[in-house]
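Reviewing the structure listed below.
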Amino acid sequence: MSDRTQEAAERHGDGTATDTEAEAEAGATAGAEPADGGQERRAAAWRAARRVLWRPSFRDTVRERLTWLAENAEGVYDLDRPVDMYGDGIVETLEERVADLLGQEAAVFFPTGTMAQQVALRCWAGRTGNPTVAVHALSHPEVHERHAFSQVSGLRPVRVTDGQRMPTAAEIRDFDEPFGALMLELPLRDAGFVLPSWEELSETVEAARERDAVVHFDGARLWECTTHFGRPLEEIAGLADSVYVSFYKSLGGLGGAAVAGPRTLVDEAKAWRHRYGGMVLQQFPTALAALVGLERELPRLPEYVAHARVVAAALREGFAEAGVPWARVHPEQPHTHQFQVWLPYDADVLTEAGTAQVEETGAGIFGQRWGHAGPGLASTEVTVDAAGLEWTAEDVRSVVKDLVERLPR
């Protein structure tokens, strides 16, 4: 992974640079850190840290990832079965597992989420006769995929809102042109990993159906939505006509994605997967890692969400106690195990202070580089996983106090 590509992966918190957003933004984001050693220094500091809230796999070595897979694969799949060829074997097992978890008729594996969603929405466009897809202006395809919908798949995205929240039922009903599909990103990552209420989501889906549109969920992080909605995965996915899920966001896999929905849609999607170049000879490492994530990590996500709320409250308290004039944790009570933090400091100053803190103390909270959010304003994302469960609220406040003491007054 190049310095700039890994930097984009860190900045967007997606675990690896396999996602198109990392590649697209590696050299395109204003204020991106130059490959001058700063990124290597920060990565080394966080790899050596004793206490962090999140240990992303993109900071592991090849040996560490191979060891992780070998140590966790036993009992998840029969390792004495033959490897897969062009989507059979272990890939089919994974597809069946996903369809069952999401309560759908069938599922199809894809090497990337970018390919998966293009194919799903292209198939729906053929059925509805309308290539227009209604999306949020902050949705992943609009922000991070280099206009792939229009440039590659002949789709026409239209933005129903640019608000820092999910689209409402009223916005869907009142939109001034027809669309064949509504795509909803759950959670909406670039707005702060936000989710609507269950009632709001149900009403928005119904509003799309009233307009004879199909509903597709961009559920890259759907796995951790059950706590907020208070519903099981199959009930959440059951609102939509099709659902996309990721195997490395939240689940810690090596990559890969799936689309679940009606069997006829999945069968057509497999044909388009081949046309898009997604028929890879062997995918058993990625499929096996996905099965490990579903078995080992998926059951723990509610615990991570619950503790993220403890961490978020402690961050607010810590900044207030440290005398920071203004600080924002968004959402105040996280909807998932990820959320945003906004502070009134220069992004580079915060990044340097955080790196120095973890180098000197071995503990840190903000593992990603801070982004410029305006004059004298910076934002970053916080993720809580297994590494963060040992942190108490007092631990968080103590590390915040130490960080603020390193900042200019």
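Each chain of the structure tokens is named A, B, ... in the order shown, its residues numbered from 1; ligands are numbered from 1 in display order.
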
Residues of segment 70-253 of chain A classed as alpha helix (DSSP H) by DSSP on the backbone are to be reported as a PyMOL selection string. chain A and resi 70-73+90-102+113-128+140-144+148-153+169-174+198-210+226-229+233-237

Gap from atom CA of Pro232 of chain A to atom CA of Trp391 of chain A - Å, one decimal: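 Taking atom CA of Pro232 of chain A as the start and atom CA of Trp391 of chain A as the end point, the length is 27.7 Å.
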
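Using only C-alpha atoms, the shortest contact distance between Phe217 of chain A and any of A:Pro56, A:Gly256, A:Pro178, A:Gly261 is found at A:Gly261.
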
Minimum-distance residue to Arg47 of chain A, chosen among A:Asp218, A:Asp60, A:Glu405, A:Asp212 (using only C-alpha atoms): A:Asp60

Which one of A:Asp346, A:Glu200, A:Asp395, A:Glu185 sits closest to His372 of chain A if you count only C-alpha atoms?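 Under the stated criterion, the closest residue is A:Asp346.
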
For Arg409 of chain A, please output as an mmCIF file with N, CA, C and O atoms, in the first residue's frame all residues within 12 Å (counting only C-alpha atoms; exclusion window: fewer than 4 positions along the same chain).
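Produced file selection.cif, reproduced below:
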```
data_model
loop_
_atom_site.group_PDB
_atom_site.id
_atom_site.type_symbol
_atom_site.label_atom_id
_atom_site.label_comp_id
_atom_site.auth_asym_id
_atom_site.auth_seq_id
_atom_site.Cartn_x
_atom_site.Cartn_y
_atom_site.Cartn_z
ATOM 1 N N ALA A 322 -11.428 19.932 30.359
ATOM 2 C CA ALA A 322 -10.113 20.431 29.964
ATOM 3 C C ALA A 322 -10.160 21.884 29.507
ATOM 4 O O ALA A 322 -9.123 22.460 29.172
ATOM 5 N N GLY A 323 -11.343 22.470 29.463
ATOM 6 C CA GLY A 323 -11.457 23.879 29.118
ATOM 7 C C GLY A 323 -11.488 24.183 27.642
ATOM 8 O O GLY A 323 -11.285 25.342 27.241
ATOM 9 N N VAL A 324 -11.747 23.176 26.797
ATOM 10 C CA VAL A 324 -11.871 23.450 25.365
ATOM 11 C C VAL A 324 -13.130 24.287 25.148
ATOM 12 O O VAL A 324 -14.216 23.917 25.612
ATOM 13 N N PRO A 325 -13.018 25.428 24.482
ATOM 14 C CA PRO A 325 -14.160 26.351 24.367
ATOM 15 C C PRO A 325 -15.345 25.788 23.599
ATOM 16 O O PRO A 325 -16.480 26.202 23.813
ATOM 17 N N PRO A 344 -12.113 22.908 17.652
ATOM 18 C CA PRO A 344 -11.704 24.218 17.106
ATOM 19 C C PRO A 344 -10.184 24.396 17.086
ATOM 20 O O PRO A 344 -9.636 25.308 17.710
ATOM 21 N N TYR A 345 -9.517 23.519 16.365
ATOM 22 C CA TYR A 345 -8.062 23.599 16.231
ATOM 23 C C TYR A 345 -7.698 23.272 14.790
ATOM 24 O O TYR A 345 -8.477 22.660 14.050
ATOM 25 N N VAL A 349 -2.236 20.473 13.635
ATOM 26 C CA VAL A 349 -1.843 20.590 15.038
ATOM 27 C C VAL A 349 -2.402 19.428 15.838
ATOM 28 O O VAL A 349 -1.704 18.823 16.658
ATOM 29 N N VAL A 404 -5.254 17.664 25.324
ATOM 30 C CA VAL A 404 -5.539 19.107 25.309
ATOM 31 C C VAL A 404 -4.357 19.892 25.868
ATOM 32 O O VAL A 404 -4.050 21.002 25.387
ATOM 33 N N GLU A 405 -3.685 19.351 26.852
ATOM 34 C CA GLU A 405 -2.511 20.027 27.411
ATOM 35 C C GLU A 405 -1.385 20.166 26.395
ATOM 36 O O GLU A 405 -0.484 21.007 26.557
#
```

Using only C-alpha atoms, which residues sit within 9 Å of Gly278 of chain A once same-chain residues fewer than 6 positions away are excluded, as a PyMOL selection string? chain A and resi 110-112+115+270+272

Run DSSP on the backbone and grab whatever in segment 98-224 of chain A lands in strand (DSSP E or B); send it over as number ranges by chain. A: 106-110, 132-136, 156-161, 181-185, 188, 194, 214-219

Shell around Ile90 of chain A at 7 Å using only C-alpha atoms, local window under 4 positions removed, as a ChimeraX atom specification: /A:84,94,284,287

Saved selection, atoms kept: N, CA, C and O atoms, as a PDB file, in the first residue's frame:
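Output (selection_1.pdb):
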```pdb
ATOM      1  N   ASP A  84     -12.155 -22.883  -4.007  1.00  0.00           N
ATOM      2  CA  ASP A  84     -13.199 -22.476  -4.930  1.00  0.00           C
ATOM      3  C   ASP A  84     -12.639 -22.231  -6.315  1.00  0.00           C
ATOM      4  O   ASP A  84     -11.446 -21.961  -6.489  1.00  0.00           O
ATOM      5  N   LEU A  94     -20.684 -18.877   1.658  1.00  0.00           N
ATOM      6  CA  LEU A  94     -20.803 -17.509   2.162  1.00  0.00           C
ATOM      7  C   LEU A  94     -22.084 -16.855   1.658  1.00  0.00           C
ATOM      8  O   LEU A  94     -22.796 -16.182   2.416  1.00  0.00           O
ATOM      9  N   PHE A 284     -11.082 -17.790  -2.039  1.00  0.00           N
ATOM     10  CA  PHE A 284     -11.243 -18.453  -0.750  1.00  0.00           C
ATOM     11  C   PHE A 284     -10.639 -17.686   0.427  1.00  0.00           C
ATOM     12  O   PHE A 284     -11.223 -17.701   1.520  1.00  0.00           O
ATOM     13  N   ALA A 287     -13.340 -15.006   1.124  1.00  0.00           N
ATOM     14  CA  ALA A 287     -14.580 -15.633   1.583  1.00  0.00           C
ATOM     15  C   ALA A 287     -14.412 -16.227   2.976  1.00  0.00           C
ATOM     16  O   ALA A 287     -15.310 -16.116   3.825  1.00  0.00           O
TER      17      ALA A 287
END
```

Nearby residues (only C-alpha atoms) at most 9 Å from Thr392 of chain A, same-chain spacing under 4 positions excluded, as a list in words: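 Once the nearby chain positions are removed, what remains is Val310, Val311, Ala314, Gly388, Val396 and Arg397 of chain A.
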
Spatial neighbours of Leu288 of chain A, 10 Å, only C-alpha atoms, chain gap at least 2 places, as a PyMOL selection string: chain A and resi 69-70+72-73+76-77+79+90-91+93-94+253-254+283-286+290-294

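Closest approach to Ala258 of chain A among A:Phe229, A:Phe179, A:Tyr244, A:Trp68: A:Tyr244, based on only C-alpha atoms.
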